[in-house]
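Have a look at entry07.cif below; it lists mmCIF, C-alpha atoms.
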```
data_work
loop_
_atom_site.group_PDB
_atom_site.id
_atom_site.type_symbol
_atom_site.label_atom_id
_atom_site.label_comp_id
_atom_site.auth_asym_id
_atom_site.auth_seq_id
_atom_site.Cartn_x
_atom_site.Cartn_y
_atom_site.Cartn_z
ATOM 1 C CA MET A 1211 32.286 -1.069 -20.610
ATOM 2 C CA VAL A 1212 29.294 -2.795 -18.985
ATOM 3 C CA VAL A 1213 30.508 -5.975 -17.316
ATOM 4 C CA PRO A 1214 29.064 -9.237 -18.725
ATOM 5 C CA GLN A 1215 27.109 -10.088 -15.559
ATOM 6 C CA LEU A 1216 25.327 -6.729 -15.590
ATOM 7 C CA GLU A 1217 24.767 -6.893 -19.335
ATOM 8 C CA SER A 1218 23.003 -10.221 -18.922
ATOM 9 C CA ILE A 1219 20.779 -8.872 -16.128
ATOM 10 C CA LEU A 1220 19.864 -5.713 -18.040
ATOM 11 C CA ARG A 1221 19.020 -7.556 -21.244
ATOM 12 C CA ARG A 1222 16.727 -9.918 -19.327
ATOM 13 C CA GLN A 1223 15.016 -6.848 -17.860
ATOM 14 C CA GLY A 1224 14.305 -5.422 -21.320
ATOM 15 C CA TYR A 1225 17.150 -2.922 -21.682
ATOM 16 C CA TYR A 1226 18.590 -2.140 -25.121
ATOM 17 C CA LEU A 1227 22.281 -1.456 -24.516
ATOM 18 C CA ILE A 1228 24.103 1.288 -26.421
ATOM 19 C CA GLY A 1229 27.863 1.516 -26.764
ATOM 20 C CA ASN A 1230 29.885 1.355 -23.576
ATOM 21 C CA HIS A 1231 27.612 2.962 -20.990
ATOM 22 C CA SER A 1232 24.134 3.882 -22.295
ATOM 23 C CA ALA A 1233 20.786 2.126 -22.547
ATOM 24 C CA VAL A 1234 17.125 2.481 -23.486
ATOM 25 C CA LYS A 1235 14.125 0.750 -21.984
ATOM 26 C CA VAL A 1236 10.507 1.222 -22.973
ATOM 27 C CA CYS A 1237 8.616 2.855 -20.136
ATOM 28 C CA TYR A 1238 5.596 1.141 -18.616
ATOM 29 C CA TRP A 1239 3.511 4.199 -19.466
ATOM 30 C CA THR A 1240 4.587 4.156 -23.112
ATOM 31 C CA LYS A 1241 3.163 0.649 -23.329
ATOM 32 C CA GLU A 1242 0.037 1.638 -21.400
ATOM 33 C CA MET A 1243 -0.587 4.550 -23.753
ATOM 34 C CA LEU A 1244 -0.202 2.373 -26.843
ATOM 35 C CA VAL A 1245 -2.350 -0.511 -25.621
ATOM 36 C CA ASN A 1246 -4.849 1.060 -23.214
ATOM 37 C CA ARG A 1247 -4.612 4.802 -23.950
ATOM 38 C CA ARG A 1248 -3.502 5.498 -20.355
ATOM 39 C CA PRO A 1249 -0.841 8.211 -20.275
ATOM 40 C CA CYS A 1250 1.837 8.832 -17.659
ATOM 41 C CA TYR A 1251 1.172 11.344 -14.901
ATOM 42 C CA LYS A 1252 3.695 13.599 -16.637
ATOM 43 C CA SER A 1253 1.121 13.959 -19.385
ATOM 44 C CA THR A 1254 -1.364 15.248 -16.814
ATOM 45 C CA PHE A 1255 1.196 17.561 -15.220
ATOM 46 C CA TYR A 1256 3.362 18.708 -18.140
ATOM 47 C CA GLY A 1257 1.567 17.780 -21.347
ATOM 48 C CA ILE A 1258 4.077 15.279 -22.703
ATOM 49 C CA ARG A 1259 2.849 12.508 -24.998
ATOM 50 C CA SER A 1260 3.738 9.281 -23.252
ATOM 51 C CA HIS A 1261 3.908 7.103 -26.370
ATOM 52 C CA ARG A 1262 6.458 9.434 -28.001
ATOM 53 C CA CYS A 1263 8.842 9.433 -25.032
ATOM 54 C CA ILE A 1264 12.226 7.688 -24.911
ATOM 55 C CA GLN A 1265 13.437 6.622 -21.476
ATOM 56 C CA MET A 1266 17.231 6.384 -21.565
ATOM 57 C CA THR A 1267 20.423 6.678 -19.555
ATOM 58 C CA PRO A 1268 23.951 7.668 -20.582
ATOM 59 C CA ALA A 1269 25.316 6.155 -17.332
ATOM 60 C CA VAL A 1270 23.843 2.687 -17.004
ATOM 61 C CA ASP A 1271 26.548 1.480 -14.617
ATOM 62 C CA HIS A 1272 27.445 4.701 -12.817
ATOM 63 C CA CYS A 1273 25.873 6.220 -9.706
ATOM 64 C CA THR A 1274 26.906 8.224 -6.664
ATOM 65 C CA PHE A 1275 24.253 6.825 -4.289
ATOM 66 C CA SER A 1276 22.968 3.397 -3.283
ATOM 67 C CA CYS A 1277 19.481 4.513 -2.279
ATOM 68 C CA LEU A 1278 17.319 2.298 -0.102
ATOM 69 C CA HIS A 1279 14.258 3.043 -2.219
ATOM 70 C CA CYS A 1280 15.890 2.464 -5.617
ATOM 71 C CA TRP A 1281 14.138 -0.306 -7.549
ATOM 72 C CA ARG A 1282 17.052 -0.736 -9.961
ATOM 73 C CA PHE A 1283 19.897 -3.254 -9.805
ATOM 74 C CA GLN A 1284 22.864 -1.751 -7.927
ATOM 75 C CA GLY A 1285 25.358 -4.590 -7.725
ATOM 76 C CA PHE A 1286 27.865 -3.464 -10.354
ATOM 77 C CA THR A 1287 27.618 0.325 -10.112
ATOM 78 C CA ASN A 1288 30.694 2.522 -10.706
ATOM 79 C CA VAL A 1289 30.960 6.118 -9.522
ATOM 80 C CA GLY A 1290 33.091 7.891 -12.116
ATOM 81 C CA PHE A 1291 33.857 7.410 -15.792
ATOM 82 C CA GLU A 1292 37.204 5.732 -16.315
ATOM 83 C CA GLU A 1293 36.651 5.028 -20.008
ATOM 84 C CA ASP A 1294 36.438 7.626 -22.760
ATOM 85 C CA PRO A 1295 32.775 8.568 -23.031
ATOM 86 C CA ASP A 1296 30.823 7.663 -26.151
ATOM 87 C CA ASP A 1297 29.913 10.382 -28.645
ATOM 88 C CA PRO A 1298 26.581 12.137 -27.896
ATOM 89 C CA ASP A 1299 25.346 11.986 -31.496
ATOM 90 C CA PHE A 1300 26.010 8.250 -31.543
ATOM 91 C CA ILE A 1301 24.041 7.811 -28.315
ATOM 92 C CA VAL A 1302 21.098 9.823 -29.651
ATOM 93 C CA GLU A 1303 20.879 7.922 -32.922
ATOM 94 C CA GLU A 1304 21.235 4.570 -31.194
ATOM 95 C CA SER A 1305 18.617 5.496 -28.582
ATOM 96 C CA ILE A 1306 16.092 6.193 -31.346
ATOM 97 C CA LYS A 1307 17.085 2.954 -33.064
ATOM 98 C CA GLY A 1308 16.769 1.080 -29.782
ATOM 99 C CA GLN A 1309 13.346 2.536 -28.993
ATOM 100 C CA ARG A 1310 12.088 1.508 -32.418
ATOM 101 C CA ALA A 1311 13.469 -2.002 -32.023
ATOM 102 C CA LEU A 1312 11.832 -2.407 -28.619
ATOM 103 C CA LEU A 1313 8.479 -1.124 -29.936
ATOM 104 C CA SER A 1314 8.484 -3.160 -33.155
ATOM 105 C CA GLY A 1315 6.272 -5.879 -31.708
ATOM 106 C CA TYR A 1316 3.427 -3.414 -31.213
ATOM 107 C CA LYS A 1317 3.087 -2.743 -34.950
ATOM 108 C CA GLY A 1318 0.781 -5.693 -35.512
ATOM 109 C CA ASP A 1319 -0.968 -5.560 -32.152
ATOM 110 C CA PRO A 1320 -4.718 -5.112 -32.825
ATOM 111 C CA ARG A 1321 -5.034 -3.063 -29.629
ATOM 112 C CA VAL A 1322 -2.661 -0.379 -30.975
ATOM 113 C CA PRO A 1323 -4.027 2.063 -33.567
ATOM 114 C CA LYS A 1324 -1.759 2.434 -36.593
ATOM 115 C CA GLU A 1325 -1.531 6.212 -36.177
ATOM 116 C CA LEU A 1326 -0.491 5.868 -32.542
ATOM 117 C CA PHE A 1327 2.208 3.349 -33.379
ATOM 118 C CA GLU A 1328 3.584 5.581 -36.148
ATOM 119 C CA GLU A 1329 3.790 8.480 -33.703
ATOM 120 C CA ALA A 1330 5.572 6.276 -31.154
ATOM 121 C CA TYR A 1331 7.974 5.143 -33.876
ATOM 122 C CA ASN A 1332 9.023 8.776 -34.274
ATOM 123 C CA PRO A 1333 9.667 9.922 -30.688
ATOM 124 C CA GLY A 1334 9.851 13.581 -29.787
ATOM 125 C CA HIS A 1335 10.688 13.596 -26.089
ATOM 126 C CA VAL A 1336 13.445 12.023 -24.022
ATOM 127 C CA ALA A 1337 13.669 11.409 -20.286
ATOM 128 C CA ILE A 1338 17.374 11.193 -19.476
ATOM 129 C CA SER A 1339 17.123 9.108 -16.317
ATOM 130 C CA LEU A 1340 16.113 5.399 -16.255
ATOM 131 C CA THR A 1341 19.024 4.119 -14.156
ATOM 132 C CA GLY A 1342 22.365 5.429 -12.930
ATOM 133 C CA GLU A 1343 23.207 9.108 -12.422
ATOM 134 C CA PRO A 1344 23.166 10.904 -15.816
ATOM 135 C CA THR A 1345 25.157 13.922 -14.633
ATOM 136 C CA LEU A 1346 28.192 11.637 -14.284
ATOM 137 C CA TYR A 1347 28.307 11.383 -18.085
ATOM 138 C CA PRO A 1348 30.991 13.965 -18.951
ATOM 139 C CA ARG A 1349 29.324 15.089 -22.195
ATOM 140 C CA LEU A 1350 25.769 15.563 -20.907
ATOM 141 C CA PRO A 1351 25.322 19.155 -22.214
ATOM 142 C CA GLU A 1352 26.334 17.932 -25.671
ATOM 143 C CA LEU A 1353 23.861 15.054 -25.396
ATOM 144 C CA VAL A 1354 21.038 17.442 -24.521
ATOM 145 C CA ARG A 1355 22.029 19.665 -27.454
ATOM 146 C CA ALA A 1356 22.109 16.685 -29.797
ATOM 147 C CA TYR A 1357 18.534 15.780 -28.849
ATOM 148 C CA HIS A 1358 17.435 19.398 -29.242
ATOM 149 C CA ARG A 1359 18.927 19.529 -32.743
ATOM 150 C CA ARG A 1360 16.631 16.638 -33.649
ATOM 151 C CA GLY A 1361 13.576 18.482 -32.350
ATOM 152 C CA PHE A 1362 13.283 16.637 -29.037
ATOM 153 C CA THR A 1363 12.221 18.097 -25.743
ATOM 154 C CA THR A 1364 14.320 16.909 -22.814
ATOM 155 C CA PHE A 1365 13.953 16.025 -19.151
ATOM 156 C CA VAL A 1366 17.144 15.523 -17.162
ATOM 157 C CA VAL A 1367 16.601 13.725 -13.845
ATOM 158 C CA THR A 1368 19.392 13.883 -11.278
ATOM 159 C CA ASN A 1369 20.038 13.217 -7.606
ATOM 160 C CA GLY A 1370 21.913 16.543 -7.446
ATOM 161 C CA SER A 1371 25.251 15.076 -6.443
ATOM 162 C CA VAL A 1372 27.224 16.498 -9.387
ATOM 163 C CA PRO A 1373 26.682 20.284 -9.294
ATOM 164 C CA GLU A 1374 29.555 20.781 -11.742
ATOM 165 C CA THR A 1375 27.477 19.183 -14.491
ATOM 166 C CA ILE A 1376 24.406 21.229 -13.600
ATOM 167 C CA GLU A 1377 26.523 24.363 -13.877
ATOM 168 C CA ARG A 1378 27.707 23.217 -17.298
ATOM 169 C CA LEU A 1379 24.121 22.583 -18.395
ATOM 170 C CA ILE A 1380 23.263 26.145 -17.382
ATOM 171 C CA ASN A 1381 26.220 27.576 -19.289
ATOM 172 C CA GLU A 1382 26.132 25.306 -22.347
ATOM 173 C CA GLU A 1383 22.706 23.750 -23.005
ATOM 174 C CA GLU A 1384 19.793 23.715 -20.598
ATOM 175 C CA PRO A 1385 17.291 20.858 -20.855
ATOM 176 C CA THR A 1386 13.616 21.624 -21.319
ATOM 177 C CA GLN A 1387 13.085 20.616 -17.707
ATOM 178 C CA LEU A 1388 15.494 19.714 -14.912
ATOM 179 C CA TYR A 1389 14.441 17.352 -12.149
ATOM 180 C CA ILE A 1390 16.298 17.015 -8.864
ATOM 181 C CA SER A 1391 15.158 14.085 -6.741
ATOM 182 C CA ILE A 1392 15.168 14.741 -3.001
ATOM 183 C CA THR A 1393 14.460 12.086 -0.372
ATOM 184 C CA ALA A 1394 15.852 13.703 2.767
ATOM 185 C CA PRO A 1395 15.301 17.063 4.520
ATOM 186 C CA ASN A 1396 18.622 16.903 6.397
ATOM 187 C CA GLU A 1397 22.049 15.327 6.236
ATOM 188 C CA GLU A 1398 21.357 12.578 8.753
ATOM 189 C CA LEU A 1399 18.441 11.194 6.765
ATOM 190 C CA HIS A 1400 20.311 11.799 3.520
ATOM 191 C CA ARG A 1401 23.072 9.450 4.661
ATOM 192 C CA LYS A 1402 20.587 6.880 5.917
ATOM 193 C CA ILE A 1403 18.300 6.826 2.856
ATOM 194 C CA ASN A 1404 20.588 7.741 -0.062
ATOM 195 C CA VAL A 1405 23.672 5.863 1.219
ATOM 196 C CA PRO A 1406 26.121 8.167 -0.643
ATOM 197 C CA ARG A 1407 29.235 6.684 -2.211
ATOM 198 C CA ILE A 1408 31.059 10.020 -2.516
ATOM 199 C CA LYS A 1409 32.339 12.602 -0.052
ATOM 200 C CA ASP A 1410 30.516 15.851 0.734
ATOM 201 C CA SER A 1411 27.363 14.562 -0.925
ATOM 202 C CA TRP A 1412 24.976 16.643 1.198
ATOM 203 C CA SER A 1413 26.786 19.903 0.484
ATOM 204 C CA ARG A 1414 26.884 18.953 -3.196
ATOM 205 C CA VAL A 1415 23.111 18.409 -3.278
ATOM 206 C CA ASN A 1416 22.602 21.792 -1.614
ATOM 207 C CA ARG A 1417 24.869 23.438 -4.191
ATOM 208 C CA SER A 1418 22.835 21.859 -7.001
ATOM 209 C CA LEU A 1419 19.623 23.259 -5.534
ATOM 210 C CA GLU A 1420 21.173 26.725 -5.409
ATOM 211 C CA LEU A 1421 22.303 26.424 -9.023
ATOM 212 C CA MET A 1422 18.863 25.253 -10.055
ATOM 213 C CA SER A 1423 17.373 28.569 -8.965
ATOM 214 C CA THR A 1424 19.404 30.356 -11.671
ATOM 215 C CA MET A 1425 18.115 28.267 -14.566
ATOM 216 C CA LYS A 1426 15.838 29.540 -17.304
ATOM 217 C CA ALA A 1427 14.522 26.028 -17.911
ATOM 218 C CA ARG A 1428 11.589 24.689 -15.961
ATOM 219 C CA ARG A 1429 12.637 23.449 -12.539
ATOM 220 C CA THR A 1430 11.072 20.499 -10.766
ATOM 221 C CA ILE A 1431 11.873 18.913 -7.418
ATOM 222 C CA ARG A 1432 10.639 15.403 -6.794
ATOM 223 C CA VAL A 1433 10.243 14.490 -3.127
ATOM 224 C CA THR A 1434 9.941 10.739 -2.742
ATOM 225 C CA VAL A 1435 8.153 10.080 0.541
ATOM 226 C CA ILE A 1436 8.844 6.850 2.415
ATOM 227 C CA LYS A 1437 6.507 6.087 5.274
ATOM 228 C CA GLY A 1438 8.394 5.502 8.489
ATOM 229 C CA LEU A 1439 11.558 7.188 7.224
ATOM 230 C CA ASN A 1440 11.183 10.683 5.769
ATOM 231 C CA MET A 1441 7.416 11.238 5.837
ATOM 232 C CA ASN A 1442 6.821 12.942 9.151
ATOM 233 C CA ASP A 1443 5.264 16.323 9.893
ATOM 234 C CA LYS A 1444 8.323 17.267 11.961
ATOM 235 C CA TYR A 1445 10.322 17.437 8.721
ATOM 236 C CA ILE A 1446 7.981 19.841 6.884
ATOM 237 C CA GLU A 1447 9.861 23.001 7.816
ATOM 238 C CA GLU A 1448 13.216 21.427 6.985
ATOM 239 C CA TYR A 1449 11.929 20.352 3.577
ATOM 240 C CA ALA A 1450 10.549 23.824 2.923
ATOM 241 C CA LYS A 1451 13.821 25.528 3.825
ATOM 242 C CA LEU A 1452 15.802 23.109 1.647
ATOM 243 C CA LEU A 1453 13.563 23.268 -1.413
ATOM 244 C CA GLU A 1454 13.245 27.047 -1.363
ATOM 245 C CA LYS A 1455 16.925 27.192 -2.357
ATOM 246 C CA ALA A 1456 15.937 25.935 -5.817
ATOM 247 C CA ASP A 1457 12.866 28.153 -6.298
ATOM 248 C CA PRO A 1458 11.216 25.269 -8.174
ATOM 249 C CA ASP A 1459 8.377 25.810 -10.601
ATOM 250 C CA PHE A 1460 6.974 22.465 -9.543
ATOM 251 C CA ILE A 1461 7.303 20.095 -6.612
ATOM 252 C CA GLU A 1462 6.192 16.519 -7.071
ATOM 253 C CA VAL A 1463 5.450 14.735 -3.818
ATOM 254 C CA LYS A 1464 5.443 11.076 -4.796
ATOM 255 C CA ALA A 1465 5.037 7.860 -2.847
ATOM 256 C CA TYR A 1466 7.803 5.326 -2.639
ATOM 257 C CA MET A 1467 6.602 2.228 -4.463
ATOM 258 C CA TYR A 1468 7.447 -1.205 -3.087
ATOM 259 C CA MET A 1469 8.921 -2.736 -6.220
ATOM 260 C CA GLY A 1470 12.072 -4.085 -7.833
ATOM 261 C CA TYR A 1471 15.251 -4.419 -5.812
ATOM 262 C CA SER A 1472 14.013 -1.994 -3.145
ATOM 263 C CA ARG A 1473 12.008 -4.902 -1.760
ATOM 264 C CA TYR A 1474 15.243 -6.301 -0.333
ATOM 265 C CA ARG A 1475 15.719 -3.150 1.754
ATOM 266 C CA LEU A 1476 12.255 -1.790 2.567
ATOM 267 C CA LYS A 1477 8.826 -3.175 3.424
ATOM 268 C CA PRO A 1478 5.344 -2.837 1.861
ATOM 269 C CA GLU A 1479 4.263 -0.630 4.765
ATOM 270 C CA ASN A 1480 6.927 1.918 3.745
ATOM 271 C CA SER A 1481 4.814 2.705 0.679
ATOM 272 C CA PRO A 1482 2.212 5.347 1.630
ATOM 273 C CA LYS A 1483 -1.340 5.517 0.301
ATOM 274 C CA HIS A 1484 -2.354 8.356 -1.972
ATOM 275 C CA PHE A 1485 -4.412 10.136 0.681
ATOM 276 C CA GLU A 1486 -1.356 10.130 2.951
ATOM 277 C CA VAL A 1487 0.801 11.598 0.194
ATOM 278 C CA LYS A 1488 -1.794 14.295 -0.430
ATOM 279 C CA GLU A 1489 -2.006 15.206 3.257
ATOM 280 C CA PHE A 1490 1.770 15.529 3.483
ATOM 281 C CA ALA A 1491 1.945 17.474 0.209
ATOM 282 C CA SER A 1492 -0.709 19.919 1.385
ATOM 283 C CA LYS A 1493 1.247 20.657 4.550
ATOM 284 C CA LEU A 1494 4.430 21.211 2.532
ATOM 285 C CA ALA A 1495 2.537 23.504 0.160
ATOM 286 C CA ASN A 1496 1.299 25.613 3.056
ATOM 287 C CA ALA A 1497 4.793 25.890 4.504
ATOM 288 C CA MET A 1498 6.165 27.135 1.164
ATOM 289 C CA GLU A 1499 3.209 29.222 -0.022
ATOM 290 C CA TYR A 1500 2.630 26.841 -2.912
ATOM 291 C CA ILE A 1501 -0.694 25.326 -3.960
ATOM 292 C CA VAL A 1502 -1.842 21.836 -4.901
ATOM 293 C CA ALA A 1503 -2.139 22.106 -8.681
ATOM 294 C CA SER A 1504 -2.821 18.524 -9.754
ATOM 295 C CA GLU A 1505 -2.604 14.883 -8.687
ATOM 296 C CA ARG A 1506 -2.687 11.329 -10.026
ATOM 297 C CA GLU A 1507 -4.008 8.736 -7.621
ATOM 298 C CA ASP A 1508 -2.820 5.718 -9.635
ATOM 299 C CA SER A 1509 0.760 7.008 -9.418
ATOM 300 C CA ARG A 1510 0.320 8.337 -5.847
ATOM 301 C CA VAL A 1511 1.753 11.714 -6.766
ATOM 302 C CA VAL A 1512 0.695 15.283 -6.019
ATOM 303 C CA LEU A 1513 1.911 18.348 -7.927
ATOM 304 C CA LEU A 1514 2.604 21.638 -6.160
ATOM 305 C CA THR A 1515 3.338 24.975 -7.769
ATOM 306 C CA LYS A 1516 3.312 28.679 -7.000
ATOM 307 C CA PRO A 1517 -0.068 30.331 -7.647
ATOM 308 C CA GLU A 1518 1.359 32.609 -10.326
ATOM 309 C CA ARG A 1519 2.833 29.615 -12.166
ATOM 310 C CA GLU A 1520 -0.272 27.427 -12.115
ATOM 311 C CA ARG A 1521 -1.105 28.170 -15.738
ATOM 312 C CA ARG A 1522 2.067 26.307 -16.729
ATOM 313 C CA VAL A 1523 0.611 22.992 -15.575
ATOM 314 C CA ASN A 1524 -0.037 20.720 -18.578
ATOM 315 C CA ARG A 1525 1.688 23.204 -20.927
ATOM 316 C CA PHE A 1526 4.845 21.433 -21.860
ATOM 317 C CA LEU A 1527 6.628 23.969 -24.021
ATOM 318 C CA GLU A 1528 5.507 27.220 -22.466
ATOM 319 C CA LEU A 1529 8.728 28.331 -20.809
ATOM 320 C CA GLU A 1530 9.132 31.681 -19.121
#
```
Please express what this file holds, its structure, as structure tokens.
Amino acid sequence: MVVPQLESILRRQGYYLIGNHSAVKVCYWTKEMLVNRRPCYKSTFYGIRSHRCIQMTPAVDHCTFSCLHCWRFQGFTNVGFEEDPDDPDFIVEESIKGQRALLSGYKGDPRVPKELFEEAYNPGHVAISLTGEPTLYPRLPELVRAYHRRGFTTFVVTNGSVPETIERLINEEEPTQLYISITAPNEELHRKINVPRIKDSWSRVNRSLELMSTMKARRTIRVTVIKGLNMNDKYIEEYAKLLEKADPDFIEVKAYMYMGYSRYRLKPENSPKHFEVKEFASKLANAMEYIVASEREDSRVVLLTKPERERRVNRFLELE
């Protein structure tokens, strides 16, 4: 059960709470697409339709790390589930209900075309991330399956600290795309930046990367680069060696953004410019025999892929 103090904070921040441990919040890019027709960079990279995307978490108050760069509130975070987890079908239905409730005010907005609002009112994609660590939810494969039964495509975003859940996803129900977020090329930086709250976290992340390589689903690694911490040419070879364990289809090299609660821990100068991200990404691509496939300057993100997989950029459902 979400404690009252956290519930109050989350509601003020625009979260729609579901049951004992889940939540929905309308993404900035969903709003941008509705009002200004500006889609998320994932539309550029993977072909998703930003206004039809639900951003949700099944673990709003559960995480294994206390990352320096995390913009979310961390003050009441649990590690494991002590309560009985809510039913996946209940979470799915309530997430759709919550998304509709949060979007209801856009129905009469003259800037939002009626057709676009109706499409947003009937979402078809879900990003299982938002806040917390979703792989801590014990019934995650069932949740992914429940979304698939309703015709959704799914992204699962994880910090890789719970390889047992990734193995279950592989054996029971793979998402459309699995993300593993990486912010450190070695254990020393991992402990400094991710501030793990569990034992053996570095070996667990490495195990998750190895498991990722066996998946049939599309595999994406996101490398969040923080100037002055993990964004140095001396780490390129270490990053390459680490990421090659996952054989990712895509690597997103994305700038840390100075926002939210991370401002209490980092400084504006820790947020690199886009040209700096692109320079670093190009060096990583060369070290791994990948290519720069796409980029979005407004999000300060560069997409890398293998040459033979380049045709999969901006083709959301073409899985091999």
Can you work out the spacing between atom CA of A:Lys1493 and atom CA of A:Asn1369 in Å, to one decimal?
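That distance, rounded to one decimal, is 23.6 Å.
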Could you tell me which of A:Phe1255, A:Trp1281, A:Phe1275, A:Tyr1238 comes closest to A:Lys1409 if we count only C-alpha atoms?
A:Phe1275
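Closest to A:His1231 among A:Leu1346, A:Val1213, A:Ala1269, A:Ala1356 is A:Ala1269, based on all atoms listed in the file.
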Taking the file as shown, find all residues satisfying the PyMOL selection byres ((chain A and resi 1496) around 12) and write them as a list in words.
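Here the PyMOL selection byres ((chain A and resi 1496) around 12) matches Ile1446, Glu1447, Tyr1449, Ala1450, Glu1489, Phe1490, Ala1491, Ser1492, Lys1493, Leu1494, Ala1495, Ala1497, Met1498, Glu1499, Tyr1500, Ile1501, Val1502, Leu1514, Thr1515, Lys1516 and Pro1517 of chain A.
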Suppose a student applies the PyMOL selection byres ((chain A and resi 1257) around 9) to this structure; what residues should they get, written as an NGL selection string?
:A and (1252-1256 or 1258-1260 or 1523-1527)
For stretch 1432-1502 of chain A versus stretch 1394-1399 of chain A, which residues have an atom no more than 9 Å away, and what is each residue's nearest atom pair and distance in Å rounded to one decimal, using only C-alpha atoms, chain-then-number order, as a tab-separated table?
```
residue	atom	partner	partner_atom	distance
A:Val1433	CA	A:Ala1394	CA	8.2
A:Thr1434	CA	A:Ala1394	CA	8.6
A:Val1435	CA	A:Ala1394	CA	8.8
A:Leu1439	CA	A:Leu1399	CA	8.0
A:Asn1440	CA	A:Ala1394	CA	6.3
A:Tyr1445	CA	A:Pro1395	CA	6.5
A:Ile1446	CA	A:Pro1395	CA	8.2
A:Glu1447	CA	A:Pro1395	CA	8.7
A:Glu1448	CA	A:Pro1395	CA	5.4
A:Tyr1449	CA	A:Pro1395	CA	4.8
A:Ala1450	CA	A:Pro1395	CA	8.4
A:Lys1451	CA	A:Pro1395	CA	8.6
A:Leu1452	CA	A:Pro1395	CA	6.7
A:Leu1453	CA	A:Pro1395	CA	8.8
```
Please enumerate the residues selected by the PyMOL selection byres ((chain A and resi 1366) around 9) when evaluated against the supplied file, formatted as a list in words.
Val1336, Ala1337, Ile1338, Ser1339, Pro1344, Thr1345, Val1354, Thr1364, Phe1365, Val1367, Thr1368, Pro1385, Thr1386, Gln1387, Leu1388, Tyr1389 and Ile1390 of chain A
Work out where the centre of an axis-aligned box around every listed atom of stretch 1490-1502 of chain A lies and how long its edges are once 5 Å is added on each side; give both in Å to one decimal as AutoDock Vina command-line options.
```
--center_x 2.2 --center_y 22.4 --center_z -0.2 --size_x 18.0 --size_y 23.7 --size_z 19.5
```
